[in-house]
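**Student:** Compact mmCIF, C-alpha atoms, file upload_1.txt:
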# COMPACT_ATOMS: atom_id res chain seq x y z
CA MET A 1 -20.32 21.69 -47.80
CA LYS A 2 -23.54 22.94 -49.44
CA ASP A 3 -23.59 19.87 -51.69
CA LEU A 4 -23.12 17.58 -48.71
CA LEU A 5 -26.05 19.14 -46.84
CA LYS A 6 -28.39 18.27 -49.71
CA ASN A 7 -28.38 14.88 -48.01
CA LYS A 8 -31.29 15.18 -45.54
CA ASN A 9 -29.83 12.74 -43.04
CA LEU A 10 -26.54 14.63 -42.94
CA LYS A 11 -28.44 17.92 -42.59
CA TYR A 12 -30.40 16.68 -39.57
CA ILE A 13 -27.24 15.23 -38.03
CA PHE A 14 -25.53 18.61 -38.37
CA ILE A 15 -28.53 20.38 -36.82
CA MET A 16 -28.24 17.93 -33.94
CA ILE A 17 -24.51 18.67 -33.71
CA ILE A 18 -25.24 22.43 -33.60
CA PHE A 19 -27.54 22.26 -30.55
CA PHE A 20 -25.52 19.44 -28.95
CA SER A 21 -22.43 21.65 -29.19
CA ILE A 22 -24.14 24.88 -28.06
CA SER A 23 -25.33 23.06 -24.95
CA PHE A 24 -21.88 21.69 -24.24
CA GLY A 25 -20.13 25.04 -24.82
CA LEU A 26 -22.51 26.83 -22.46
CA TRP A 27 -22.47 24.22 -19.69
CA ASN A 28 -18.78 23.31 -20.01
CA ASN A 29 -17.79 26.96 -19.59
CA PHE A 30 -19.76 27.41 -16.37
CA ARG A 31 -20.08 23.96 -14.77
CA LEU A 32 -16.97 24.39 -12.60
CA LEU A 33 -18.36 27.69 -11.30
CA TRP A 34 -21.74 25.98 -10.79
CA LEU A 35 -19.96 23.38 -8.66
CA GLU A 36 -18.15 26.12 -6.76
CA GLU A 37 -21.51 27.78 -6.01
CA ASN A 38 -22.64 24.43 -4.63
CA ASN A 39 -19.89 24.69 -2.00
CA LEU A 40 -17.17 22.53 -3.62
CA ASN A 41 -13.57 23.75 -3.46
CA PRO A 42 -11.09 23.33 -6.38
CA SER A 43 -9.67 20.06 -5.03
CA GLU A 44 -13.17 18.60 -4.59
CA ILE A 45 -14.15 19.82 -8.06
CA SER A 46 -11.06 18.15 -9.50
CA ARG A 47 -11.96 14.86 -7.81
CA VAL A 48 -15.59 15.02 -8.97
CA MET A 49 -14.58 15.78 -12.56
CA SER A 50 -11.80 13.19 -12.72
CA LEU A 51 -14.04 10.54 -11.13
CA ALA A 52 -16.88 11.36 -13.53
CA THR A 53 -14.49 11.26 -16.49
CA PHE A 54 -13.09 7.91 -15.31
CA PHE A 55 -16.56 6.37 -15.07
CA GLY A 56 -17.28 7.85 -18.49
CA ALA A 57 -14.37 5.80 -19.75
CA ILE A 58 -15.61 2.66 -18.01
CA SER A 59 -19.04 3.08 -19.60
CA ILE A 60 -17.38 2.95 -23.01
CA ILE A 61 -16.25 -0.63 -22.32
CA PHE A 62 -19.84 -1.77 -21.82
CA ILE A 63 -21.00 0.12 -24.90
CA SER A 64 -18.27 -1.56 -26.93
CA LEU A 65 -19.52 -4.98 -25.86
CA LYS A 66 -23.23 -4.35 -26.40
CA ILE A 67 -23.77 -1.85 -29.25
CA SER A 68 -23.15 -2.36 -32.96
CA MET A 69 -23.18 0.16 -35.82
CA THR A 70 -26.72 -1.00 -36.59
CA ASN A 71 -27.98 0.63 -33.36
CA ILE A 72 -25.83 3.75 -33.53
CA LYS A 73 -28.75 6.22 -33.79
CA LYS A 74 -30.51 4.62 -30.82
CA LEU A 75 -27.30 4.92 -28.81
CA VAL A 76 -26.97 8.67 -29.44
CA SER A 77 -30.66 9.19 -28.62
CA THR A 78 -30.31 7.31 -25.32
CA THR A 79 -27.32 9.39 -24.22
CA LEU A 80 -29.25 12.60 -24.94
CA ILE A 81 -32.18 11.40 -22.83
CA ILE A 82 -29.88 10.50 -19.92
CA ARG A 83 -28.27 13.94 -20.01
CA ILE A 84 -31.66 15.67 -20.15
CA ILE A 85 -32.82 13.80 -17.04
CA SER A 86 -29.54 14.47 -15.18
CA TYR A 87 -29.63 18.20 -15.97
CA LEU A 88 -33.27 18.44 -14.93
CA ILE A 89 -32.42 17.05 -11.48
CA LEU A 90 -29.39 19.34 -11.15
CA PHE A 91 -31.47 22.35 -12.19
CA ILE A 92 -34.31 21.66 -9.77
CA GLY A 93 -31.97 20.77 -6.89
CA TYR A 94 -29.63 23.77 -7.31
CA GLN A 95 -27.76 24.48 -4.02
CA HIS A 96 -29.78 21.79 -2.20
CA LEU A 97 -28.15 18.59 -3.47
CA SER A 98 -25.51 16.67 -1.53
CA THR A 99 -21.98 16.48 -2.90
CA ARG A 100 -22.39 12.72 -3.39
CA LEU A 101 -25.57 13.11 -5.47
CA ILE A 102 -23.98 15.88 -7.53
CA ALA A 103 -21.00 13.59 -8.19
CA ILE A 104 -23.33 10.77 -9.28
CA LEU A 105 -25.28 13.06 -11.62
CA PHE A 106 -22.03 14.39 -13.09
CA ILE A 107 -20.94 10.80 -13.68
CA PHE A 108 -24.17 10.19 -15.65
CA ASP A 109 -23.70 13.49 -17.47
CA ILE A 110 -20.08 13.01 -18.49
CA ALA A 111 -20.46 9.30 -19.21
CA SER A 112 -23.46 9.88 -21.49
CA TYR A 113 -21.82 12.90 -23.14
CA THR A 114 -18.64 10.91 -23.73
CA VAL A 115 -20.47 7.98 -25.31
CA GLY A 116 -22.82 10.22 -27.30
CA TYR A 117 -20.10 12.46 -28.63
CA LEU A 118 -17.88 9.62 -29.77
CA ALA A 119 -20.86 7.97 -31.51
CA ILE A 120 -21.63 11.02 -33.66
CA TYR A 121 -18.89 10.49 -36.22
CA PRO A 122 -19.60 6.74 -36.59
CA LEU A 123 -23.22 7.81 -37.15
CA ILE A 124 -22.04 10.14 -39.90
CA THR A 125 -20.10 7.30 -41.53
CA ARG A 126 -23.41 5.47 -41.92
CA VAL A 127 -24.31 8.35 -44.28
CA ILE A 128 -20.96 9.43 -45.76
CA LYS A 129 -17.26 8.84 -45.08
CA ASP A 130 -14.81 11.60 -45.98
CA ASP A 131 -11.81 13.30 -44.31
CA LYS A 132 -13.22 16.78 -44.97
CA VAL A 133 -16.61 15.85 -43.50
CA TYR A 134 -14.76 14.93 -40.30
CA SER A 135 -13.10 18.36 -40.30
CA TYR A 136 -16.42 20.10 -41.04
CA LYS A 137 -17.99 18.19 -38.16
CA GLN A 138 -15.15 19.26 -35.85
CA LEU A 139 -15.33 22.89 -36.98
CA ALA A 140 -19.12 22.96 -36.56
CA THR A 141 -18.64 21.55 -33.08
CA TYR A 142 -16.07 24.19 -32.12
CA ILE A 143 -17.99 27.11 -33.63
CA CYS A 144 -21.23 26.14 -31.89
CA GLN A 145 -19.44 25.55 -28.60
CA ASP A 146 -18.18 29.13 -28.93
CA LEU A 147 -21.75 30.25 -29.59
CA GLY A 148 -22.73 28.59 -26.32
CA VAL A 149 -19.99 30.52 -24.53
CA LEU A 150 -21.24 33.76 -26.18
CA ILE A 151 -24.79 33.12 -24.98
CA GLY A 152 -23.50 32.68 -21.44
CA GLY A 153 -21.29 35.75 -21.59
CA LEU A 154 -24.11 37.96 -22.85
CA LEU A 155 -26.73 36.69 -20.40
CA LEU A 156 -24.68 36.34 -17.20
CA GLY A 157 -26.00 38.82 -14.64
CA ILE A 158 -28.71 40.18 -16.95
CA THR A 159 -32.04 40.88 -15.20
CA ILE A 160 -35.39 40.42 -16.92
CA GLY A 161 -38.16 41.47 -14.57
CA ASN A 162 -37.30 39.78 -11.30
CA TYR A 163 -35.25 37.02 -12.93
CA ILE A 164 -31.44 37.18 -12.91
CA PHE A 165 -29.50 34.93 -15.28
CA ASP A 166 -27.05 32.91 -13.22
CA TYR A 167 -25.14 29.63 -13.67
CA ASN A 168 -28.28 27.60 -13.00
CA SER A 169 -30.11 29.50 -15.75
CA PHE A 170 -27.55 28.19 -18.21
CA LEU A 171 -28.41 24.67 -17.11
CA LEU A 172 -32.00 25.34 -18.22
CA ILE A 173 -30.85 26.67 -21.60
CA THR A 174 -28.63 23.59 -21.95
CA LEU A 175 -31.68 21.40 -21.32
CA ILE A 176 -33.65 23.16 -24.06
CA CYS A 177 -30.79 22.76 -26.55
CA LEU A 178 -30.53 19.04 -25.82
CA ILE A 179 -34.27 18.57 -26.34
CA ILE A 180 -33.98 20.27 -29.75
CA ALA A 181 -30.97 18.07 -30.58
CA LEU A 182 -32.97 14.96 -29.69
CA PHE A 183 -35.86 16.11 -31.90
CA SER A 184 -33.53 16.72 -34.86
CA LEU A 185 -31.92 13.30 -34.41
CA SER A 186 -35.36 11.70 -34.50
CA LYS A 187 -35.70 12.99 -38.09
CA VAL A 188 -32.68 10.97 -39.26
CA LYS A 189 -33.77 7.93 -41.26
CA LEU A 190 -31.04 5.37 -41.86
CA THR A 191 -32.51 3.35 -44.70
CA ASP A 192 -29.37 1.56 -45.91
CA LYS A 193 -29.82 -2.20 -45.96
CA VAL A 194 -26.36 -3.02 -44.70
CA LYS A 195 -26.47 -5.18 -41.58
CA TYR A 196 -23.56 -4.45 -39.26
CA ASN A 197 -23.15 -7.65 -37.31
CA ASP A 198 -21.98 -7.51 -33.73
CA ILE A 199 -18.19 -7.54 -33.63
CA LYS A 200 -16.49 -10.10 -31.44
CA VAL A 201 -14.34 -7.81 -29.35
CA LYS A 202 -11.79 -10.53 -28.59
CA ASN A 203 -11.32 -11.24 -32.29
CA TYR A 204 -11.07 -7.56 -33.08
CA LEU A 205 -8.49 -6.92 -30.37
CA LYS A 206 -6.49 -9.91 -31.55
CA ALA A 207 -6.31 -8.42 -35.04
CA PHE A 208 -5.86 -4.92 -33.63
CA LYS A 209 -2.63 -5.90 -31.84
CA LYS A 210 -0.99 -6.32 -35.24
CA ASP A 211 -1.92 -2.79 -36.34
CA LYS A 212 1.08 -0.78 -35.20
CA ILE A 213 -0.25 2.58 -36.38
CA SER A 214 -3.50 2.33 -34.42
CA ASN A 215 -1.66 1.18 -31.29
CA PHE A 216 0.69 4.17 -31.34
CA TYR A 217 -2.20 6.48 -32.26
CA LEU A 218 -4.03 5.43 -29.09
CA LEU A 219 -0.90 5.96 -27.00
CA TYR A 220 -0.59 9.41 -28.57
CA ILE A 221 -4.24 10.18 -27.66
CA PHE A 222 -3.66 9.05 -24.06
CA ILE A 223 -0.56 11.20 -23.58
CA SER A 224 -1.96 14.26 -25.38
CA ASP A 225 -5.13 14.25 -23.26
CA ILE A 226 -3.14 14.02 -20.04
CA SER A 227 -1.03 16.99 -21.10
CA TYR A 228 -3.94 19.12 -22.35
CA ASN A 229 -6.19 18.51 -19.34
CA CYS A 230 -3.37 18.95 -16.86
CA ALA A 231 -2.92 22.48 -18.24
CA LEU A 232 -6.43 23.43 -19.36
CA GLY A 233 -8.87 20.93 -17.87
CA MET A 234 -9.77 23.49 -15.19
CA GLN A 235 -9.00 26.59 -17.21
CA MET A 236 -11.94 28.63 -15.89
CA LEU A 237 -10.79 28.13 -12.28
CA ILE A 238 -7.21 28.98 -13.27
CA LEU A 239 -8.39 32.29 -14.72
CA THR A 240 -10.80 33.16 -11.90
CA ASN A 241 -8.92 31.79 -8.85
CA ILE A 242 -5.25 32.12 -9.85
CA LEU A 243 -5.22 34.98 -12.38
CA ASP A 244 -7.99 36.94 -10.58
CA ILE A 245 -10.07 37.45 -13.73
CA SER A 246 -13.84 37.78 -13.31
CA SER A 247 -16.01 34.95 -14.62
CA LYS A 248 -17.67 37.29 -17.15
CA SER A 249 -14.32 38.55 -18.47
CA ALA A 250 -12.97 34.99 -18.56
CA THR A 251 -16.05 33.92 -20.54
CA PHE A 252 -15.52 36.59 -23.19
CA TYR A 253 -11.82 35.74 -23.31
CA PHE A 254 -12.63 32.09 -24.03
CA LEU A 255 -15.21 33.19 -26.58
CA LEU A 256 -12.75 35.46 -28.38
CA MET A 257 -10.09 32.76 -28.40
CA GLY A 258 -12.61 30.21 -29.62
CA ILE A 259 -13.60 32.42 -32.55
CA ILE A 260 -9.98 33.14 -33.45
CA ALA A 261 -9.12 29.44 -33.17
CA ASP A 262 -12.08 28.51 -35.39
CA ILE A 263 -11.03 31.02 -38.04
CA PHE A 264 -7.47 29.75 -37.95
CA GLY A 265 -8.75 26.17 -38.08
CA ILE A 266 -10.67 26.96 -41.29
CA LEU A 267 -7.67 28.75 -42.80
CA ALA A 268 -5.38 25.89 -41.82
CA LEU A 269 -7.71 23.40 -43.48
CA LYS A 270 -8.03 25.45 -46.67
CA LYS A 271 -4.75 27.30 -47.10
CA LEU A 272 -2.17 26.90 -44.34
CA THR A 273 -1.44 23.18 -44.10
CA PRO A 274 2.19 22.43 -45.01
CA LYS A 275 2.88 19.59 -47.43
CA ASN A 276 5.38 18.25 -44.94
CA ASP A 277 3.42 16.41 -42.21
CA TYR A 278 6.33 16.60 -39.77
CA LEU A 279 6.20 20.40 -40.00
CA THR A 280 2.43 20.30 -39.47
CA ILE A 281 2.91 18.43 -36.18
CA LEU A 282 5.49 20.94 -34.99
CA LEU A 283 3.19 23.84 -35.90
CA LYS A 284 0.31 22.21 -34.03
CA PHE A 285 2.09 21.33 -30.79
CA GLY A 286 5.47 23.10 -30.69
CA PRO A 287 4.28 26.62 -29.71
CA ARG A 288 1.94 25.13 -27.08
CA MET A 289 4.73 23.24 -25.30
CA LEU A 290 7.05 26.23 -25.58
CA GLY A 291 4.42 28.37 -23.85
CA TYR A 292 3.97 25.80 -21.07
CA SER A 293 7.74 25.63 -20.58
CA LEU A 294 8.00 29.42 -20.31
CA VAL A 295 5.38 29.41 -17.55
CA PHE A 296 7.54 26.94 -15.63
CA ILE A 297 10.57 29.24 -16.06
CA PHE A 298 8.67 32.55 -15.63
CA PRO A 299 5.56 31.73 -13.54
CA THR A 300 3.90 35.13 -13.83
CA LYS A 301 0.22 35.80 -14.44
CA GLU A 302 1.04 37.40 -17.78
CA MET A 303 3.09 34.43 -18.99
CA THR A 304 0.38 32.03 -17.83
CA LEU A 305 -2.24 33.91 -19.84
CA ILE A 306 0.04 33.93 -22.90
CA ALA A 307 0.55 30.15 -22.65
CA ILE A 308 -3.19 29.53 -22.35
CA THR A 309 -3.82 31.83 -25.32
CA ILE A 310 -1.32 29.98 -27.51
CA SER A 311 -2.79 26.62 -26.58
CA LEU A 312 -6.38 27.69 -27.28
CA PHE A 313 -5.37 29.31 -30.57
CA LEU A 314 -4.05 25.99 -31.92
CA THR A 315 -6.84 23.77 -30.60
CA THR A 316 -8.93 23.40 -33.78
CA ALA A 317 -6.13 23.42 -36.37
CA TYR A 318 -4.79 20.45 -38.35
CA GLU A 319 -7.18 17.80 -37.00
CA ASN A 320 -7.41 16.39 -40.52
CA LYS A 321 -3.72 15.50 -40.10
CA THR A 322 -3.64 14.51 -36.44
CA ASP A 323 -6.90 12.55 -36.14
CA ALA A 324 -9.01 12.09 -39.29
CA ILE A 325 -6.41 10.08 -41.21
CA TYR A 326 -6.14 7.55 -38.37
CA LEU A 327 -9.91 7.24 -37.93
CA ASN A 328 -10.79 6.91 -41.61
CA ARG A 329 -8.28 4.14 -42.25
CA ILE A 330 -10.50 1.89 -40.12
CA ASP A 331 -13.18 -0.10 -41.92
CA THR A 332 -16.74 1.22 -41.40
CA LYS A 333 -17.90 -1.90 -39.55
CA TYR A 334 -15.24 -1.23 -36.91
CA GLN A 335 -15.81 2.54 -36.66
CA LEU A 336 -17.93 2.53 -33.51
CA LEU A 337 -15.76 -0.02 -31.73
CA PHE A 338 -12.54 1.77 -32.59
CA SER A 339 -14.06 5.15 -31.64
CA ASN A 340 -15.09 3.61 -28.31
CA ILE A 341 -11.57 2.36 -27.67
CA ARG A 342 -10.14 5.71 -28.71
CA LYS A 343 -12.48 7.61 -26.40
CA LEU A 344 -11.84 5.15 -23.57
CA VAL A 345 -8.11 5.82 -23.82
CA GLY A 346 -8.69 9.57 -24.14
CA SER A 347 -11.09 9.68 -21.18
CA LEU A 348 -8.55 7.91 -18.98
CA GLY A 349 -6.02 10.52 -20.07
CA ASN A 350 -8.53 13.29 -19.29
CA ALA A 351 -9.17 11.86 -15.82
CA ILE A 352 -5.46 11.65 -15.04
CA GLY A 353 -4.88 15.19 -16.33
CA LEU A 354 -7.73 16.61 -14.24
CA TYR A 355 -6.52 14.75 -11.15
CA LEU A 356 -3.01 16.13 -11.65
CA THR A 357 -4.43 19.65 -11.92
CA GLY A 358 -6.25 19.21 -8.60
CA ILE A 359 -3.00 18.12 -6.91
CA LEU A 360 -0.92 20.89 -8.49
CA PHE A 361 -3.52 23.67 -8.16
CA VAL A 362 -2.31 24.76 -4.70
CA PHE A 363 1.27 25.11 -6.04
CA GLY A 364 0.27 27.52 -8.80
CA PRO A 365 0.75 27.66 -12.59
CA LYS A 366 4.51 26.93 -12.46
CA TYR A 367 3.98 23.25 -11.70
CA ILE A 368 0.64 22.86 -13.50
CA PHE A 369 2.16 23.92 -16.81
CA GLY A 370 5.58 22.45 -16.09
CA VAL A 371 4.14 18.96 -15.71
CA ALA A 372 1.90 19.51 -18.78
CA ALA A 373 4.97 20.50 -20.84
CA LEU A 374 7.00 17.50 -19.69
CA ILE A 375 4.22 15.14 -20.80
CA GLY A 376 3.58 17.19 -23.93
CA TYR A 377 7.09 16.80 -25.36
CA PHE A 378 6.57 13.05 -25.26
CA GLN A 379 3.29 13.63 -27.11
CA ILE A 380 5.13 15.48 -29.91
CA ALA A 381 7.61 12.62 -30.25
CA LEU A 382 4.74 10.16 -30.61
CA ALA A 383 2.98 12.35 -33.19
CA LEU A 384 6.14 12.57 -35.29
CA TYR A 385 6.66 8.81 -35.06
CA LEU A 386 3.08 8.29 -36.24
CA VAL A 387 3.83 10.33 -39.36
CA TYR A 388 6.83 8.08 -39.99
CA LEU A 389 4.69 4.95 -39.55
CA LYS A 390 1.96 6.33 -41.79
CA LYS A 391 4.42 6.94 -44.60
CA ARG A 392 6.09 3.55 -44.12
CA TYR A 393 2.87 1.54 -43.99
CA LYS A 394 0.83 3.76 -46.29
CA LYS A 395 -1.07 0.91 -47.96
CA ILE A 396 -1.98 -1.04 -44.81
CA VAL A 397 -5.55 -0.50 -43.57
CA LEU A 398 -7.21 -2.35 -40.71
CA ASN A 399 -10.26 -4.11 -42.14
Taking this structure as input, can you express it in the form of structure tokens?
**Tutor:**
Amino acid sequence: MKDLLKNKNLKYIFIMIIFFSISFGLWNNFRLLWLEENNLNPSEISRVMSLATFFGAISIIFISLKISMTNIKKLVSTTLIIRIISYLILFIGYQHLSTRLIAILFIFDIASYTVGYLAIYPLITRVIKDDKVYSYKQLATYICQDLGVLIGGLLLGITIGNYIFDYNSFLLITLICLIIALFSLSKVKLTDKVKYNDIKVKNYLKAFKKDKISNFYLLYIFISDISYNCALGMQMLILTNILDISSKSATFYFLLMGIIADIFGILALKKLTPKNDYLTILLKFGPRMLGYSLVFIFPTKEMTLIAITISLFLTTAYENKTDAIYLNRIDTKYQLLFSNIRKLVGSLGNAIGLYLTGILFVFGPKYIFGVAALIGYFQIALALYLVYLKKRYKKIVLN
């Protein structure tokens, strides 16, 4: 990694990723509680989040039609600016904004985050393209998101003079991090002379239909995001409202699990990845679905916490086997477009998962995790089939 960071562009991109991820980790951990303090109940929060996620997916369609790899840096910069403006309005209007305006601002927030996040790796491919760089980018993202959670956990309730750090204070810190991220991104100079012509989406989709691996990969992403967000899309509210854990304790729990998951993710990348890809898939998803199933059978608070712990523990592991290989087989000129399609499909899955959680929330963890498990077993089947397809069509690359 040290050798890679000798590249100045890559270094500035990773600095941007650091502050981008700290801001997301801090805000993502507390935004549901921020909404609750603005007088929204769990069902309303679920609707706001699922609606915002859905519109985030819709925005990807327009980006796919208008933006090429040539303008990738400008795209990321624009999304950062939109988020900065949205957060500034939310910060200033704390506890005085209407539910409708909050929903609109969350739509701008999540839509711009979604587009910006998915554009980061295509931006990296303008500099370098490597499976391990993808994993380093993912690990940096997870570690810095955990750092954001740590900042929130340490500051929540702390008083400095007459100022008490609350959920709205974290919105201000998020704003500062995004401004730093935008400044770092401005230092990136893409001097390569390659001209990435606008891709005719119709022509691409026509060719894409023939690529069986990518089609099943997108179906796998859709199903996996429904399952994950059904169980954990509102994890903070599950811990605070259902398991009766304080927000501060829940924050440190998520932080601890994030750190442990990051460490295991690094070990899995370096030492603990089986040579058999089928076994890797079962290690990644099998324990998670078993935990969800046990909550359905034994819907106790203890079993629910165990299932969440197992799921969080495995979050960062084996992404070089479950995602990177399917992304890097796509030609560079199609990277942004394919990433957009991938994120579109994933965002729709997220929205459905969040909506399901809102419906099932009143029935408790038994049905939340039971539905997530039912969907998740289908996800495992798809992941295993993808391994089979990858081995069968090893030499076929979409280009």
**Student:** Taking only C-alpha atoms into account, which of A:Leu88, A:Ala268, A:Leu232, A:Ile226 comes nearest Gly349 in chain A?
**Tutor:**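 Ranking A:Leu88, A:Ala268, A:Leu232, A:Ile226 by distance to Gly349 in chain A, first place goes to A:Ile226.
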**Student:** Please identify all polymer residues lying at most 12 Å from the point (-11.1, 33.4, -30.8) (file coordinates), using only C-alpha atoms, and present the result as a PyMOL selection string.
**Tutor:** chain A and resi 142-143+145-147+149-150+251-265+309-316
**Student:** Using only C-alpha atoms, tabulate the residues of range 189-278 of chain A lying at most 12 Å from any atom of range 360-363 of chain A, each with its closest atom pair and that distance in Å to one decimal, by chain and increasing residue number, as a Markdown table.
**Tutor:**
| residue | atom | partner | partner_atom | distance |
| --- | --- | --- | --- | --- |
| A:Cys230 | CA | A:Leu360 | CA | 8.9 |
| A:Ala231 | CA | A:Leu360 | CA | 10.1 |
| A:Leu232 | CA | A:Phe361 | CA | 11.6 |
| A:Gly233 | CA | A:Phe361 | CA | 11.4 |
| A:Met234 | CA | A:Phe361 | CA | 9.4 |
| A:Gln235 | CA | A:Phe361 | CA | 11.0 |
| A:Leu237 | CA | A:Phe361 | CA | 9.5 |
| A:Ile238 | CA | A:Phe361 | CA | 8.2 |
| A:Leu239 | CA | A:Phe361 | CA | 11.9 |
| A:Asn241 | CA | A:Phe361 | CA | 9.8 |
| A:Ile242 | CA | A:Phe361 | CA | 8.8 |
**Student:** Counting all atoms listed in the file, I want the residues whose atoms come within 9 Å of (-33.6, 13.9, -34.7) in the file frame, returned as a list in words.
**Tutor:**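 Protein, DNA and RNA residues close to (-33.6, 13.9, -34.7): Tyr12, Ile13, Ile15, Met16, Ser77, Ile180, Ala181, Leu182, Phe183, Ser184, Leu185, Ser186, Lys187, Val188 and Lys189 of chain A.
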**Student:** Using Å and a single decimal, report how far CA of Ser112 in chain A sits from CA of Leu97 in chain A.
**Tutor:** 20.6 Å
**Student:** What are the nearest atom pairs, with distances in Å to one decimal, for all residues of range 107-157 of chain A that come at most 9 Å from range 317-341 of chain A, using all atoms listed in the file, set out by chain and rising residue number as a Markdown table?
**Tutor:**
| residue | atom | partner | partner_atom | distance |
| --- | --- | --- | --- | --- |
| A:Val115 | CA | A:Asn340 | CA | 7.6 |
| A:Leu118 | CA | A:Ser339 | CA | 6.2 |
| A:Ala119 | CA | A:Leu336 | CA | 6.5 |
| A:Tyr121 | CA | A:Leu336 | CA | 8.5 |
| A:Pro122 | CA | A:Leu336 | CA | 5.5 |
| A:Leu123 | CA | A:Leu336 | CA | 8.3 |
| A:Thr125 | CA | A:Thr332 | CA | 6.9 |
| A:Arg126 | CA | A:Thr332 | CA | 7.9 |
| A:Lys129 | CA | A:Asn328 | CA | 7.6 |
| A:Asp130 | CA | A:Asn328 | CA | 7.6 |
| A:Asp131 | CA | A:Ala324 | CA | 5.9 |
| A:Lys132 | CA | A:Asn320 | CA | 7.3 |
| A:Tyr134 | CA | A:Ala324 | CA | 6.5 |
| A:Ser135 | CA | A:Asn320 | CA | 6.0 |
| A:Gln138 | CA | A:Glu319 | CA | 8.2 |
**Student:** Have a look at CA of Leu178 in chain A and CA of Asp109 in chain A and let me know their distance in Å, one decimal.
**Tutor:**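 Calculated distance between CA of Leu178 in chain A and CA of Asp109 in chain A is 12.1 Å.
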**Student:** Quote the spacing between CA of Gly56 in chain A and CA of Tyr113 in chain A in Å to one decimal place.
**Tutor:**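 Taking CA of Gly56 in chain A as the start and CA of Tyr113 in chain A as the end point, the length is 8.2 Å.
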**Student:** Can you pull out the residues contacting Ala373 in chain A? Cut-off 10 Å, using all atoms listed in the file, and skip same-chain residues under 5 positions away; I want them as a list in words.
**Tutor:**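 So the residues in contact are Ser227, Tyr228, Cys230, Ala231, Arg288, Met289, Leu290, Gly291, Tyr292, Ser293, Leu294, Val295, Phe296, Tyr367, Ile368, Phe378 and Gln379 of chain A.
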**Student:** Which residue is closest to Phe216 in chain A? Choose from A:Phe285, A:Ser43, A:Val127, A:Leu389 and count all atoms listed in the file.
**Tutor:**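 Between A:Phe285, A:Ser43, A:Val127, A:Leu389, the residue approaching Phe216 in chain A most closely is A:Leu389.
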**Student:** Would you please work out which residue, of A:Phe14, A:Glu36, A:Ala250, A:Tyr217, is nearest to Val133 in chain A when using only C-alpha atoms?
**Tutor:**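 Answer, going by the shortest atom-to-atom distance: A:Phe14.
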**Student:** Measuring between all atoms listed in the file, which one of A:Leu344, A:Leu154, A:Leu51, A:Ile60 shows the shortest distance to Lys248 in chain A?
**Tutor:**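 Looking only at the distances to Lys248 in chain A, the closest residue turns out to be A:Leu154.
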**Student:** Compare A:Gly376, A:Asn29, A:Arg342, A:Ile72 by their minimum atom-to-atom distance to Ser214 in chain A, counting only C-alpha atoms, and give me the closest one.
**Tutor:**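 The shortest atom-to-atom distance to Ser214 in chain A comes from A:Arg342.
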**Student:** Which is closer to Lys8 in chain A than all the others in A:Leu272, A:Pro365, A:Leu356, A:Leu190, using only C-alpha atoms?
**Tutor:**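 Looking at the shortest contact to Lys8 in chain A, the residue is A:Leu190.
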**Student:** Using all atoms listed in the file, which protein or nucleic acid residues come within 12 Å of Arg392 in chain A? Drop anything in the same chain fewer than 6 positions from it, and give the result as a ChimeraX atom specification.
**Tutor:** /A:212-213,385-386
